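Down below is the structure, laid out as structure tokens.
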Amino acid sequence: MELIETLLSFSEKAGEIARTIRREPKLFSLLVEEKGEEEKNQRFTQDFKTLADVLIQEALRHHVTQMIPSLGEHVHGEESAEFTNTLGERVIVQICATKEETATLLEKVLDGNREAADLLAAVVHTAIIVKPDSTLAAKIPKIPLDNLGIWIDPIDSTGEYVRGEIGKLSGSIYSSGLPSVTILIGFYDRFTGEIIGGVVNHPFAVYDEENQSWHGEVYWSVNYNDVKVHNMQIHKLASDATRPVIVMSSSEDVKVQEMLGKKFDIVYASGAGYKLLVVALGQVVAYVCSKSSTFRWDTAAPHGLLQALGGGVVVYRQLLSSAEDNHVSEDMLKNIQIKYNKPNADSPKASLQWSNAGGIVAYRDNKYYLILHHLVFHPSSTFCCFYFCKPFMYSF
Ligand code: 2IP
Ligand code: CA
């Protein structure tokens with residue numbers, strides 16, 4: 001309960017930092033790339049994007065350490081707190097005891113821009129408390145906090161965040177724009193690597209035309225000792241009637257698109273976190289990514305949501321190598337879920353040690369994992385199998 005409240009509250013603060021940077025002209029101007037800028041300015045834009053990420057990540061560490069001291073050192077993310085600005089100065093970004101001290105530190109990163117530093121420090125130091133609904137809170141199982149690790153992606157889909165467009169809808173899915181930005185905080189068992197739960201903040205979920213402002217949504221889950229609690233509405237999957245819809249990156253391998261396109265309609269969207277979220281929301285039945293282009297910090301939080309809804313996230317390559325359909329058991333699916341505690345053993349580069357090597361398949365209902373498995377493993381169009389000892393016939 002304390003953990004969920006801490007992460008929910010923090011995710012709202014992170015959402016507010018993300019919205020403030022877009023809303024405040026002084027900050028926004030640092031973020032937006034203008035054509036024809038000098039190289040120094042372009043590098044400064046890069047600095048500022050990274051600063052927003054680092055600041056959110058370190059603010060989470062600060063927040064978690066205050067609430068649950070033992071957990072602070074187990075907060076991991078893409079960014080390192082050490083930040084080098086355009087002038088080559090090294091600064092360790094951290095949240096200080098007072099707003100003024102934080103502003104002074106940020107000023108160094110921002111090449112002396114005190115106004116921007118003050119604005120950022122003010123939002124970082126604003127207290128935001130979000131509590132889970134009391135009925136759901138009462139159901140949250142007790143989790144041993146000493147065993148936990150946290151993965152954070154402070155701003156997923158940074159490209160769309162910087163572009164800052166309102167977004168284009170393709171059916172009910174945004175193919176691009178600010179709605180593909182998410183803040184992802186997942187927690188896992190440090191000893192088994194199994195995902196336990198997550199908070200996905202969708203800071204630009206709904207645009208209010210009248211006030212020209214964005215409203216966010218936040219989703220959370222816990223799955224521990226077979227107790228599953230989450231705050232998501234369980235809508236029927238969008239595709240039970242006709243051809244099921246899956247989501248992919250527009251840069252997905254063309255052969256994989258063609259193969260899966262035989263049985264599924266495909267929509268394209270930016271943002272790994274957003275694509276995983278729309279699977280959890282039931283807007284599509286699966287997200288397939290055959291490349292190693294996502295990382296543990298992208299998948300941890302939405303994996304938590306999917307698992308609490310009865311689904312999961314497994315390695316794409318597993319579809320090619322795992323057992324025949326009639327040997328895919330519930331236990332096997334449980335065992336092949338992506339784990340979060342160990343880097344890839346055979347990673348060619350340090351930067352790829354936490355990549356989801358071999359791609360991912362995310363699904364909310366096991367039956368769609370099985371359909372995908374069959375499609376990739378066997379080329380036929382109708383299939384019958386015994387799944388978890390219950391016969392199913394899928395033909396579309
Ligand atoms: C990215 C971001 C990209 C995604 C990529 C992630 O994270 O979510 O959108 O690529 O896999 O690692 P795509 O949109 O093609 O799925 P970040 O924005 O944090 O770098
Ligand atoms: Ca990311």
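Letters A, B, ... go to the chains of the structure tokens in the order shown; residues in each chain start at 1; ligands are counted from 1 in the same order.
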
- Task: Can you list, as a ChimeraX atom specification, all residues belonging to stretch 82-241 of chain A that DSSP tags as strand (DSSP E)?
- Result: /A:82-84,90-92,148-156,168-170,173-176,182-189,195-208,213-224,227-230

- Can you tell me which residues come within 7 Å of ligand 1 when counting only C-alpha atoms and all ligand atoms, ideally as an MDAnalysis selection string? chainID A and resid 153 155:159 249:251 269:273 293:295 298

If you count only C-alpha atoms, which residues fall within 12 Å of A:Leu169, apart from same-chain ones fewer than 3 positions away, as a PDB file with C-alpha atoms, in the first residue's frame?
```pdb
ATOM      1  CA  GLU A 165       2.235  17.199 -31.577  1.00  0.00           C
ATOM      2  CA  ILE A 166      -1.333  16.565 -30.440  1.00  0.00           C
ATOM      3  CA  SER A 172      -8.590   4.113 -31.065  1.00  0.00           C
ATOM      4  CA  ILE A 173      -4.774   4.116 -31.067  1.00  0.00           C
ATOM      5  CA  TYR A 174      -2.532   7.170 -31.424  1.00  0.00           C
ATOM      6  CA  SER A 175       0.055   6.435 -34.085  1.00  0.00           C
ATOM      7  CA  SER A 176       2.214   9.348 -32.902  1.00  0.00           C
ATOM      8  CA  GLY A 177       2.176  12.546 -30.853  1.00  0.00           C
ATOM      9  CA  LEU A 178       2.249  13.339 -27.149  1.00  0.00           C
ATOM     10  CA  PRO A 179      -0.248  10.562 -26.290  1.00  0.00           C
ATOM     11  CA  SER A 180       2.493   8.034 -27.080  1.00  0.00           C
ATOM     12  CA  VAL A 267      -1.800  -0.759 -36.339  1.00  0.00           C
ATOM     13  CA  TYR A 268       1.403   1.190 -35.877  1.00  0.00           C
ATOM     14  CA  ALA A 269       2.289   3.378 -32.910  1.00  0.00           C
ATOM     15  CA  SER A 270       5.295   5.119 -31.408  1.00  0.00           C
TER      16      SER A 270
END
```

- A:Tyr340, A:Tyr188, A:Tyr369, A:Phe83: which is nearest A:Leu55, counting only C-alpha atoms?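 Going through A:Tyr340, A:Tyr188, A:Tyr369, A:Phe83 one by one, the smallest distance to A:Leu55 is for A:Phe83.
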
- Message: Could you list, as an MDAnalysis selection string, every residue within 12 Å of stretch 344-349 of chain A, counting only C-alpha atoms and ignoring same-chain residues fewer than 5 positions away?
- Response: chainID A and resid 292 295:296 338:339 354:358

Go ahead and save the picked residues with C-alpha atoms, as a compact mmCIF listing (two decimals), in the first residue's frame.
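Saved to again.txt:
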```
# COMPACT_ATOMS: atom_id res chain seq x y z
CA SER A 292 16.03 -6.10 -29.69
CA PHE A 295 14.85 -2.40 -22.83
CA ARG A 296 13.90 -3.69 -19.38
CA ILE A 338 10.89 -11.67 -19.21
CA LYS A 339 12.97 -11.37 -16.03
CA TRP A 354 19.53 -4.61 -20.52
CA SER A 355 17.93 -4.82 -23.96
CA ASN A 356 15.10 -7.28 -24.45
CA ALA A 357 17.28 -9.29 -26.81
CA GLY A 358 15.28 -11.46 -29.19
```

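Minimum atom-to-atom distance to ligand 2, evaluated using only C-alpha atoms and all ligand atoms, belongs to A:Leu276 out of A:Val130, A:Val288, A:Met332, A:Leu276.
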
- For A:Leu305, list every protein, DNA or RNA residue within 8 Å, evaluated using only C-alpha atoms, and leave out those in the same chain fewer than 5 positions away; present the list as a list of chain:residue names.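 The filter keeps A:Gly197, A:Gly198, A:Val199, A:Tyr219, A:Trp220, A:Ser221, A:Val222, A:His230, A:Ala280.
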
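Proximity ranking of A:Leu30, A:Ile129, A:Leu60, A:Ala97 relative to A:Leu110 places A:Leu30 first, based on only C-alpha atoms.
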
- Which of stretch 104-294 of chain A counts as alpha helix (DSSP H) under DSSP, as a PyMOL selection string please? chain A and resi 104-109+114-124+134-137+158-163+254-261+272-280

- Item | Residues within 10 Å of stretch 131-143 of chain A, only C-alpha atoms, excluding chain neighbours under 5 positions, as a PyMOL selection string | chain A and resi 1-9+148+189+196+219-231

- Message: Neighbouring residues of A:Ile95 were defined as those with any atom within 7 Å, considering only C-alpha atoms; residues of the same chain fewer than 6 positions away were excluded. Please report them as a PyMOL selection string.
- Response: chain A and resi 58-59+62+102

- Figure out the distance between atom CA of A:Gly282 and atom CA of A:Lys236, please, to one decimal in Å.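 About the pair atom CA of A:Lys236 and atom CA of A:Gly282: they are 6.6 Å apart.
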
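Distance-wise, atom CA of A:Thr182 and atom CA of A:Ile246 end up 19.3 Å apart.
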